[in-house]
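**Student:** For reference, the file query23.cif (mmCIF, C-alpha atoms and all ligand atoms) is included below:
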data_input
#
loop_
_atom_site.label_atom_id
_atom_site.label_comp_id
_atom_site.auth_asym_id
_atom_site.auth_seq_id
_atom_site.Cartn_x
_atom_site.Cartn_y
_atom_site.Cartn_z
CA MET A 13 68.47 137.08 103.88
CA ARG A 14 70.96 137.28 106.76
CA ILE A 15 73.43 134.67 107.99
CA LYS A 16 75.49 135.00 111.18
CA VAL A 17 79.06 133.71 111.12
CA ILE A 18 82.06 133.63 113.41
CA ASP A 19 85.54 133.74 111.92
CA SER A 20 88.61 132.24 113.54
CA HIS A 21 92.04 131.17 112.44
CA THR A 22 93.96 128.06 113.39
CA GLY A 23 97.67 128.54 112.87
CA GLY A 24 96.89 131.18 110.24
CA GLU A 25 94.25 129.17 108.33
CA PRO A 26 90.79 130.74 108.55
CA THR A 27 87.48 129.04 109.38
CA ARG A 28 84.09 130.71 108.99
CA VAL A 29 81.49 128.96 111.15
CA VAL A 30 77.84 129.50 110.23
CA ILE A 31 75.85 129.84 113.44
CA GLU A 32 72.47 131.23 112.37
CA GLY A 33 70.26 131.77 109.33
CA PHE A 34 71.16 128.76 107.19
CA PRO A 35 68.19 126.77 105.79
CA GLU A 36 67.42 123.44 107.45
CA LEU A 37 69.11 120.44 105.84
CA PHE A 38 67.42 117.05 105.55
CA GLY A 39 68.86 113.55 105.56
CA ALA A 40 69.12 110.40 107.65
CA THR A 41 72.94 110.62 107.64
CA LEU A 42 75.47 113.43 107.54
CA VAL A 43 76.34 112.35 103.98
CA GLU A 44 72.71 112.90 102.98
CA LYS A 45 72.65 116.27 104.74
CA ARG A 46 75.87 117.28 102.95
CA ASP A 47 74.29 116.21 99.64
CA ASP A 48 71.19 118.26 100.50
CA PHE A 49 73.49 121.27 101.09
CA LYS A 50 75.19 120.63 97.72
CA SER A 51 71.99 120.37 95.72
CA LYS A 52 69.93 123.06 97.48
CA CYS A 53 72.37 125.61 98.88
CA ASP A 54 75.45 125.80 96.66
CA HIS A 55 74.70 129.51 96.07
CA LEU A 56 75.05 129.99 99.84
CA ARG A 57 78.43 128.22 99.86
CA THR A 58 79.73 130.78 97.36
CA GLY A 59 77.79 133.67 98.91
CA ILE A 60 79.26 132.98 102.36
CA LEU A 61 82.85 132.26 101.32
CA SER A 62 83.62 134.08 98.08
CA GLU A 63 84.33 137.71 97.43
CA PRO A 64 83.00 140.25 98.29
CA ARG A 65 82.15 138.75 101.73
CA GLY A 66 85.07 136.36 101.90
CA SER A 67 88.09 135.16 99.99
CA GLU A 68 89.36 132.02 98.29
CA ILE A 69 91.22 130.83 101.35
CA LEU A 70 88.24 130.65 103.71
CA VAL A 71 86.99 127.25 104.84
CA GLY A 72 83.34 127.20 105.88
CA ALA A 73 81.83 125.05 108.61
CA LEU A 74 78.13 124.48 109.08
CA LEU A 75 76.88 123.16 112.42
CA THR A 76 73.77 120.97 112.11
CA GLU A 77 71.84 118.48 114.20
CA PRO A 78 73.78 115.19 114.30
CA CYS A 79 72.19 111.96 113.02
CA ASP A 80 74.36 109.81 115.32
CA PRO A 81 72.90 110.19 118.86
CA SER A 82 76.37 109.77 120.42
CA CYS A 83 77.46 113.08 118.81
CA ASP A 84 76.78 116.62 120.04
CA PHE A 85 76.88 118.38 116.66
CA GLY A 86 76.80 117.55 112.95
CA LEU A 87 79.55 119.31 111.00
CA ILE A 88 79.79 119.97 107.28
CA PHE A 89 82.89 121.64 105.81
CA PHE A 90 82.98 123.51 102.52
CA ASN A 91 85.41 125.69 100.60
CA ASN A 92 85.76 127.85 97.48
CA VAL A 93 85.08 124.93 95.11
CA GLY A 94 82.86 122.48 96.99
CA MET A 95 82.64 120.22 100.02
CA LEU A 96 85.54 118.94 102.15
CA GLY A 97 85.32 115.45 103.67
CA MET A 98 86.92 116.63 106.89
CA CYS A 99 88.99 119.52 108.08
CA GLY A 100 91.35 119.38 111.04
CA HIS A 101 92.16 123.07 111.41
CA GLY A 102 88.45 123.76 110.85
CA THR A 103 87.37 121.42 113.67
CA ILE A 104 89.79 123.18 116.02
CA GLY A 105 88.26 126.49 114.88
CA VAL A 106 84.73 125.18 115.48
CA VAL A 107 85.63 124.09 119.04
CA GLU A 108 87.08 127.54 119.80
CA THR A 109 83.99 129.17 118.27
CA LEU A 110 81.62 127.06 120.40
CA ASN A 111 83.70 127.97 123.45
CA HIS A 112 83.55 131.66 122.49
CA LEU A 113 79.75 131.38 122.25
CA GLY A 114 79.57 129.72 125.68
CA LYS A 115 78.04 126.57 124.15
CA ILE A 116 80.85 124.34 125.39
CA GLY A 117 83.64 124.67 127.92
CA VAL A 118 86.80 122.81 128.81
CA GLY A 119 86.25 119.10 128.14
CA LYS A 120 85.08 116.77 125.42
CA VAL A 121 82.72 117.27 122.50
CA ASN A 122 81.77 114.87 119.69
CA PHE A 123 81.13 115.81 116.09
CA GLU A 124 79.60 113.84 113.27
CA ALA A 125 81.18 114.71 109.92
CA PRO A 126 80.26 113.10 106.58
CA VAL A 127 83.43 110.98 106.86
CA GLY A 128 82.64 109.77 110.40
CA LYS A 129 82.84 110.66 114.07
CA VAL A 130 85.48 113.13 115.23
CA SER A 131 86.00 113.67 118.95
CA ALA A 132 87.54 116.83 120.32
CA GLU A 133 88.75 118.08 123.67
CA LEU A 134 89.25 121.68 124.71
CA TYR A 135 92.11 121.94 127.20
CA GLU A 136 92.37 124.48 130.06
CA ASP A 137 95.17 126.31 128.22
CA GLY A 138 93.03 126.89 125.10
CA ARG A 139 94.57 124.18 122.95
CA VAL A 140 92.24 121.76 121.22
CA ALA A 141 92.90 118.08 120.56
CA ILE A 142 90.89 116.33 117.87
CA GLN A 143 90.77 112.61 117.37
CA ASN A 144 90.36 112.21 113.65
CA VAL A 145 88.83 109.37 111.66
CA ALA A 146 90.97 106.27 111.00
CA SER A 147 93.80 107.19 108.62
CA TYR A 148 95.87 104.96 106.38
CA ARG A 149 98.27 104.70 103.47
CA TYR A 150 96.59 103.39 100.35
CA ARG A 151 99.59 103.13 97.98
CA LYS A 152 103.32 103.53 98.58
CA ASP A 153 105.94 104.91 96.16
CA VAL A 154 103.58 106.07 93.44
CA THR A 155 105.22 107.97 90.57
CA ALA A 156 103.62 111.06 89.03
CA THR A 157 105.45 112.68 86.16
CA LEU A 158 105.26 116.42 85.69
CA GLN A 159 107.23 118.28 83.03
CA GLY A 160 109.63 115.36 82.63
CA MET A 161 110.29 115.08 86.33
CA ASP A 162 109.27 112.11 88.52
CA TYR A 163 107.59 112.76 91.86
CA ILE A 164 107.54 109.60 93.96
CA GLY A 165 105.21 109.67 96.95
CA ASP A 166 102.45 107.96 98.90
CA ILE A 167 98.70 108.15 98.50
CA ALA A 168 97.13 108.31 101.97
CA TYR A 169 93.83 109.10 103.64
CA GLY A 170 93.38 111.36 106.67
CA GLY A 171 89.73 112.40 106.18
CA ASN A 172 90.72 113.80 102.76
CA TRP A 173 92.88 112.17 100.07
CA PHE A 174 96.55 113.17 99.93
CA PHE A 175 99.57 112.62 97.74
CA LEU A 176 102.54 113.06 100.09
CA VAL A 177 105.86 113.74 98.47
CA LYS A 178 109.21 115.17 99.50
CA SER A 179 109.60 118.65 98.00
CA PRO A 180 112.08 118.02 95.20
CA LEU A 181 113.33 121.35 93.94
CA ILE A 182 111.58 124.32 95.45
CA PRO A 183 112.58 125.06 99.06
CA LEU A 184 109.58 125.07 101.43
CA ASP A 185 109.84 128.75 102.20
CA LEU A 186 106.93 131.20 102.30
CA VAL A 187 108.61 133.43 99.70
CA ASN A 188 108.15 130.54 97.23
CA HIS A 189 104.39 130.16 97.82
CA ARG A 190 103.45 131.06 94.24
CA ALA A 191 105.83 128.56 92.65
CA LEU A 192 104.83 125.91 95.20
CA SER A 193 101.16 126.59 94.49
CA GLU A 194 101.59 126.32 90.71
CA THR A 195 103.59 123.11 90.96
CA THR A 196 101.22 121.39 93.37
CA VAL A 197 98.10 122.31 91.36
CA GLU A 198 99.78 120.84 88.25
CA LEU A 199 100.88 117.79 90.24
CA MET A 200 97.30 117.22 91.40
CA ASN A 201 96.19 117.15 87.74
CA ALA A 202 99.16 114.97 86.74
CA LEU A 203 97.91 112.40 89.25
CA ASN A 204 94.17 112.54 88.79
CA GLU A 205 94.01 112.91 85.01
CA PRO A 206 95.81 109.63 84.22
CA GLY A 207 93.73 107.97 86.93
CA ILE A 208 96.15 107.77 89.87
CA ILE A 209 93.49 108.07 92.53
CA GLY A 210 92.49 107.04 96.03
CA GLU A 211 90.44 104.06 97.15
CA ASN A 212 87.07 103.45 95.49
CA GLY A 213 87.82 105.97 92.75
CA ALA A 214 88.30 108.92 95.14
CA ARG A 215 90.10 111.89 93.59
CA ILE A 216 93.26 113.04 95.29
CA ASP A 217 92.19 116.46 96.50
CA HIS A 218 95.26 117.56 98.48
CA ILE A 219 98.99 117.54 97.71
CA GLU A 220 101.38 117.61 100.65
CA LEU A 221 105.00 118.48 100.04
CA PHE A 222 107.28 118.00 102.97
CA ASP A 223 110.87 118.67 103.97
CA LYS A 224 113.09 119.18 107.01
CA SER A 225 112.06 121.72 109.65
CA LYS A 226 114.29 123.73 111.96
CA ILE A 227 111.67 123.83 114.74
CA ALA A 228 109.66 120.62 114.33
CA ASP A 229 109.90 117.05 112.99
CA SER A 230 108.85 118.09 109.50
CA LYS A 231 107.68 121.10 107.52
CA ASN A 232 104.90 120.92 104.94
CA PHE A 233 103.18 122.81 102.17
CA VAL A 234 99.64 121.62 101.56
CA MET A 235 97.68 122.46 98.42
CA CYS A 236 93.92 122.23 98.93
CA PRO A 237 91.19 121.71 96.33
CA GLY A 238 90.47 125.15 94.87
CA GLY A 239 94.08 126.22 94.38
CA GLN A 240 94.79 127.71 97.82
CA TYR A 241 97.47 126.46 100.16
CA ASP A 242 96.85 125.69 103.82
CA ARG A 243 98.38 128.29 106.13
CA SER A 244 98.19 125.75 108.97
CA PRO A 245 100.00 122.39 109.06
CA CYS A 246 96.70 120.81 107.92
CA GLY A 247 95.01 118.47 110.38
CA THR A 248 93.95 115.87 107.83
CA GLY A 249 97.35 116.12 106.07
CA THR A 250 99.20 115.61 109.36
CA SER A 251 96.91 112.62 110.02
CA ALA A 252 97.79 111.11 106.63
CA LYS A 253 101.49 111.78 107.23
CA MET A 254 101.45 110.17 110.69
CA ALA A 255 99.58 107.14 109.30
CA CYS A 256 102.37 106.63 106.71
CA LEU A 257 105.07 107.03 109.37
CA CYS A 258 103.27 104.58 111.66
CA GLU A 259 102.92 102.03 108.86
CA ASP A 260 106.67 102.39 108.17
CA GLY A 261 107.47 101.83 111.87
CA LYS A 262 108.89 105.38 112.10
CA LEU A 263 106.26 106.71 114.53
CA MET A 264 105.30 104.65 117.57
CA GLU A 265 101.92 104.77 119.30
CA GLY A 266 101.77 107.83 121.59
CA GLU A 267 105.02 109.34 120.27
CA ILE A 268 104.62 113.10 119.65
CA TRP A 269 104.98 114.32 116.05
CA ARG A 270 105.44 118.05 115.50
CA GLN A 271 104.38 119.30 112.09
CA GLU A 272 105.33 122.81 110.95
CA SER A 273 103.36 124.60 108.21
CA ILE A 274 104.77 126.74 105.43
CA THR A 275 103.82 129.80 107.53
CA GLY A 276 105.67 128.52 110.64
CA SER A 277 102.66 127.44 112.72
CA VAL A 278 102.91 124.02 114.38
CA PHE A 279 100.47 121.19 115.18
CA GLU A 280 101.38 118.38 117.51
CA GLY A 281 100.04 114.92 116.94
CA TYR A 282 100.24 111.28 117.88
CA VAL A 283 98.57 108.05 116.86
CA THR A 284 96.83 105.29 118.73
CA VAL A 285 96.13 101.95 117.11
CA VAL A 286 92.76 100.37 117.88
CA ASP A 287 91.70 97.08 116.26
CA GLY A 288 94.47 97.54 113.70
CA LYS A 289 93.22 101.03 112.75
CA ILE A 290 95.42 104.11 113.04
CA LEU A 291 93.59 106.89 114.90
CA PRO A 292 95.44 110.22 114.74
CA THR A 293 95.09 112.94 117.34
CA ILE A 294 95.99 116.50 116.30
CA ILE A 295 96.54 119.32 118.79
CA GLY A 296 96.42 123.00 117.85
CA ARG A 297 95.08 126.36 118.88
CA ALA A 298 92.49 128.63 117.23
CA HIS A 299 91.62 132.28 117.88
CA VAL A 300 88.32 133.99 117.12
CA VAL A 301 88.79 137.10 114.97
CA ALA A 302 85.29 138.30 114.02
CA GLU A 303 81.56 137.97 114.63
CA SER A 304 79.56 139.08 111.60
CA GLU A 305 76.15 139.11 110.02
CA LEU A 306 76.29 138.57 106.27
CA ILE A 307 73.60 140.39 104.30
CA PHE A 308 72.27 139.06 100.97
CA LEU A 309 70.19 141.75 99.27
CA ASP A 310 67.86 140.78 96.40
CA ASP A 311 69.14 143.55 94.13
CA ASP A 312 72.86 142.84 94.74
CA PRO A 313 74.30 141.27 91.57
CA LEU A 314 77.02 139.66 93.70
CA ARG A 315 74.74 138.35 96.44
CA TRP A 316 75.85 134.75 95.77
CA GLY A 317 79.51 135.73 95.44
CA ALA A 318 81.72 136.86 92.60
CA LYS A 319 83.08 134.38 90.09
CA ILE A 320 86.69 135.41 89.63
O1 LIG B 401 93.30 121.14 108.47
O2 LIG B 401 92.52 119.31 107.57
C1 LIG B 401 92.79 120.49 107.52
C2 LIG B 401 92.51 121.23 106.27
C3 LIG B 401 91.99 120.74 105.11
C4 LIG B 401 91.91 121.82 104.23
C5 LIG B 401 92.37 122.93 104.86
N1 LIG B 401 92.72 122.56 106.12
#
Would you encode the structure as structure tokens?

**Tutor:**
Amino acid sequence: MRIKVIDSHTGGEPTRVVIEGFPELFGATLVEKRDDFKSKCDHLRTGILSEPRGSEILVGALLTEPCDPSCDFGLIFFNNVGMLGMCGHGTIGVVETLNHLGKIGVGKVNFEAPVGKVSAELYEDGRVAIQNVASYRYRKDVTATLQGMDYIGDIAYGGNWFFLVKSPLIPLDLVNHRALSETTVELMNALNEPGIIGENGARIDHIELFDKSKIADSKNFVMCPGGQYDRSPCGTGTSAKMACLCEDGKLMEGEIWRQESITGSVFEGYVTVVDGKILPTIIGRAHVVAESELIFLDDDPLRWGAKI
């Protein structure tokens, strides 16, 4: 079996887009297609992303036929532990990949993700703007206690579920990435295990620590499901953050928000409010780094990836 992929990075965070060789998925909606992927092709998720062909930090994106006729492509994101509802840096990477392949050019393109419709625009200068799904704060000033310390933050949705909290002790500096990773993984458990969750029982799958930035409006550290931190400012996390700011009256419609990541890369964003819903737009840049054909040989004991 052979699968063709294109790798890119968006502000340091990699995306591996599957462009050929993946089995057909069935379903009347993108949610059903994603569930078909989960039940039928989970070995391919690990085979495509995990070692020895990939690494824990890769986010995968599968382009499919859309079910919504107003969309150009269906889009399913996956990572080292399962499926992602949405992925902002990944969508920017997909747009750059489609441009690289000559399948789109400067202008607009619509995607259908399991969480809803996401519109994107490729600008002349190579930047990509994505209009994400409606984002909102679900609960304000929630307390999670970890090792005797209280973390008070907001639960918000930006296509994934986030707990957003000011970084209390550890400075948001790349040299601290191990300590930040450990703390945020434990914090995720400290929320979910006692049942502090998102709407309709959704697990909080991302933790976003934030603090002051020297070059932008805010700096963040985002822990993703699977124990890896986002090297980019996280499109869905920036959406959740801007939704909270908008609800607090601290970010006006159209006002530019600059979000720096732990690695120093920056996304710009703004919100528009339509029928009372907060619609975030995120702007960033991706670069293609590789075109590859992955080979899965029958006699390779690691053909579906290594479990490490
Ligand atoms: O950019 O939304 C994002 C994202 C989610 C997980 C990794 N990146």

**Student:** Set the distance at 7 Å and use all atoms listed in the file: which residues neighbour stretch 193-197 of chain A once local chain neighbours fewer than 3 positions away are removed? I'd like the list as a PyMOL selection string.

**Tutor:** chain A and resi 189-190+200-201+219+235+239+241

**Student:** How many Å lie between atom CA of A:Glu259 and atom CA of A:Ile290, rounded to one decimal?

**Tutor:**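 Rounded to one decimal, the two atoms are 8.8 Å apart.
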
**Student:** Name each residue within 8 Å of ligand LIG 401 (chain B), counting only C-alpha atoms and all ligand atoms, as a short mmCIF file (atom, residue, chain, number, x, y, z; two decimals) with C-alpha atoms, in the coordinates of the input.

**Tutor:**
data_model
loop_
_atom_site.label_atom_id
_atom_site.label_comp_id
_atom_site.auth_asym_id
_atom_site.auth_seq_id
_atom_site.Cartn_x
_atom_site.Cartn_y
_atom_site.Cartn_z
CA GLU A 25 94.25 129.17 108.33
CA VAL A 71 86.99 127.25 104.84
CA LEU A 96 85.54 118.94 102.15
CA MET A 98 86.92 116.63 106.89
CA CYS A 99 88.99 119.52 108.08
CA GLY A 100 91.35 119.38 111.04
CA HIS A 101 92.16 123.07 111.41
CA GLY A 102 88.45 123.76 110.85
CA THR A 103 87.37 121.42 113.67
CA GLY A 171 89.73 112.40 106.18
CA ASN A 172 90.72 113.80 102.76
CA HIS A 218 95.26 117.56 98.48
CA CYS A 236 93.92 122.23 98.93
CA PRO A 237 91.19 121.71 96.33
CA TYR A 241 97.47 126.46 100.16
CA ASP A 242 96.85 125.69 103.82
CA SER A 244 98.19 125.75 108.97
CA PRO A 245 100.00 122.39 109.06
CA CYS A 246 96.70 120.81 107.92
CA GLY A 247 95.01 118.47 110.38
CA THR A 248 93.95 115.87 107.83
CA GLY A 249 97.35 116.12 106.07
CA THR A 250 99.20 115.61 109.36
#

**Student:** Give the answer as one residue: which of A:Ala318, A:Val154, A:Leu291, A:Val301 has the shortest atom-to-atom distance to A:Ile142, using only C-alpha atoms?

**Tutor:**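 The shortest atom-to-atom distance to A:Ile142 comes from A:Leu291.
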
**Student:** For atom CA of A:Lys16 and atom CA of A:Glu305, quote the distance in Å rounded to one decimal.

**Tutor:** 4.3 Å

**Student:** If we count all atoms listed in the file and set the cut-off at 8 Å, which residues sit around stretch 111-127 of chain A, ignoring sequence neighbours fewer than 2 positions away in its own chain? Please answer as a PDB file with C-alpha atoms, in the coordinates of the input.

**Tutor:**
ATOM      1  CA  THR A  41      72.940 110.620 107.640  1.00  0.00           C
ATOM      2  CA  LEU A  42      75.470 113.430 107.540  1.00  0.00           C
ATOM      3  CA  VAL A  43      76.340 112.350 103.980  1.00  0.00           C
ATOM      4  CA  ARG A  46      75.870 117.280 102.950  1.00  0.00           C
ATOM      5  CA  PRO A  78      73.780 115.190 114.300  1.00  0.00           C
ATOM      6  CA  CYS A  79      72.190 111.960 113.020  1.00  0.00           C
ATOM      7  CA  ASP A  80      74.360 109.810 115.320  1.00  0.00           C
ATOM      8  CA  SER A  82      76.370 109.770 120.420  1.00  0.00           C
ATOM      9  CA  CYS A  83      77.460 113.080 118.810  1.00  0.00           C
ATOM     10  CA  ASP A  84      76.780 116.620 120.040  1.00  0.00           C
ATOM     11  CA  PHE A  85      76.880 118.380 116.660  1.00  0.00           C
ATOM     12  CA  GLY A  86      76.800 117.550 112.950  1.00  0.00           C
ATOM     13  CA  LEU A  87      79.550 119.310 111.000  1.00  0.00           C
ATOM     14  CA  ILE A  88      79.790 119.970 107.280  1.00  0.00           C
ATOM     15  CA  GLY A  97      85.320 115.450 103.670  1.00  0.00           C
ATOM     16  CA  MET A  98      86.920 116.630 106.890  1.00  0.00           C
ATOM     17  CA  VAL A 107      85.630 124.090 119.040  1.00  0.00           C
ATOM     18  CA  GLU A 108      87.080 127.540 119.800  1.00  0.00           C
ATOM     19  CA  THR A 109      83.990 129.170 118.270  1.00  0.00           C
ATOM     20  CA  LYS A 129      82.840 110.660 114.070  1.00  0.00           C
ATOM     21  CA  VAL A 130      85.480 113.130 115.230  1.00  0.00           C
ATOM     22  CA  SER A 131      86.000 113.670 118.950  1.00  0.00           C
ATOM     23  CA  ALA A 132      87.540 116.830 120.320  1.00  0.00           C
ATOM     24  CA  GLU A 133      88.750 118.080 123.670  1.00  0.00           C
ATOM     25  CA  LEU A 134      89.250 121.680 124.710  1.00  0.00           C
ATOM     26  CA  TYR A 135      92.110 121.940 127.200  1.00  0.00           C
ATOM     27  CA  GLU A 136      92.370 124.480 130.060  1.00  0.00           C
ATOM     28  CA  VAL A 145      88.830 109.370 111.660  1.00  0.00           C
ATOM     29  CA  GLY A 171      89.730 112.400 106.180  1.00  0.00           C
ATOM     30  CA  VAL A 300      88.320 133.990 117.120  1.00  0.00           C
TER      31      VAL A 300
END

**Student:** What's around A:Ala228 at 12 Å? Count only C-alpha atoms, leave out sequence neighbours fewer than 6 positions away in its own chain, and write the answer as a PyMOL selection string.

**Tutor:** chain A and resi 222+245+268-274+276-281

**Student:** With C-alpha atoms retained, could you export that selection as a PDB file, in the frame of the given file?

**Tutor:**
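Wrote it out as part-v5.pdb, contents follow:
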ATOM      1  CA  PHE A 222     107.280 118.000 102.970  1.00  0.00           C
ATOM      2  CA  PRO A 245     100.000 122.390 109.060  1.00  0.00           C
ATOM      3  CA  ILE A 268     104.620 113.100 119.650  1.00  0.00           C
ATOM      4  CA  TRP A 269     104.980 114.320 116.050  1.00  0.00           C
ATOM      5  CA  ARG A 270     105.440 118.050 115.500  1.00  0.00           C
ATOM      6  CA  GLN A 271     104.380 119.300 112.090  1.00  0.00           C
ATOM      7  CA  GLU A 272     105.330 122.810 110.950  1.00  0.00           C
ATOM      8  CA  SER A 273     103.360 124.600 108.210  1.00  0.00           C
ATOM      9  CA  ILE A 274     104.770 126.740 105.430  1.00  0.00           C
ATOM     10  CA  GLY A 276     105.670 128.520 110.640  1.00  0.00           C
ATOM     11  CA  SER A 277     102.660 127.440 112.720  1.00  0.00           C
ATOM     12  CA  VAL A 278     102.910 124.020 114.380  1.00  0.00           C
ATOM     13  CA  PHE A 279     100.470 121.190 115.180  1.00  0.00           C
ATOM     14  CA  GLU A 280     101.380 118.380 117.510  1.00  0.00           C
ATOM     15  CA  GLY A 281     100.040 114.920 116.940  1.00  0.00           C
TER      16      GLY A 281
END

**Student:** Can you find the residues with an atom no farther than 12 Å from (101.8, 104.9, 98.2), counting only C-alpha atoms, and report them as a PyMOL selection string?

**Tutor:** chain A and resi 148-156+163-169+173-177+208-211+252-253+255-257+259-260

**Student:** Quick one: pull the distance between atom CA of A:Leu186 and atom CA of A:Thr275, Å, one decimal.

**Tutor:**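 Here the two named atoms are 6.2 Å from each other.
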
**Student:** Of the candidates A:Asp185, A:Asp162, A:Glu68, A:Asp287, which one gets nearest to A:Arg28 if we count only C-alpha atoms?

**Tutor:**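 Nearest to A:Arg28: A:Glu68.
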
**Student:** I'd like to know which of A:Leu221, A:Ile307, A:Leu75, A:Val283 is closest to A:Ile295, using only C-alpha atoms.

**Tutor:** A:Val283

**Student:** For A:Val234, which residue out of A:Leu184, A:Cys258, A:Leu263, A:Ala214 is the nearest one, using only C-alpha atoms?

**Tutor:**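 Ranking A:Leu184, A:Cys258, A:Leu263, A:Ala214 by distance to A:Val234, first place goes to A:Leu184.
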
**Student:** Which is closer to A:Pro26 than all the others in A:Ser225, A:Thr76, A:Gln240, A:Ser51, using all atoms listed in the file?

**Tutor:**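 Smallest distance to A:Pro26 is found for A:Gln240.
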
**Student:** Between A:Gly207, A:His55, A:Val29, A:Gly72, which is the closest to A:Glu303 once you count only C-alpha atoms?

**Tutor:**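 Under the stated criterion, the closest residue is A:Val29.
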
**Student:** Give the centre and edge lengths of an axis-aligned box, in Å to one decimal, that holds all listed atoms of stretch 249-262 of chain A with 3 Å on each side, as AutoDock Vina command-line options.

**Tutor:**
--center_x 102.9 --center_y 109.0 --center_z 109.1 --size_x 18.0 --size_y 20.3 --size_z 12.0

**Student:** Can you tell me which residues surround A:Leu37 at a distance of at most 10 Å, considering all atoms listed in the file, apart from same-chain residues fewer than 6 positions away, and format the answer as a compact mmCIF listing (two decimals) with C-alpha atoms, keeping the file's coordinate frame?

**Tutor:**
# COMPACT_ATOMS: atom_id res chain seq x y z
CA GLU A 44 72.71 112.90 102.98
CA LYS A 45 72.65 116.27 104.74
CA ARG A 46 75.87 117.28 102.95
CA ASP A 47 74.29 116.21 99.64
CA ASP A 48 71.19 118.26 100.50
CA PHE A 49 73.49 121.27 101.09
CA LYS A 52 69.93 123.06 97.48
CA CYS A 53 72.37 125.61 98.88
CA THR A 76 73.77 120.97 112.11
CA GLU A 77 71.84 118.48 114.20
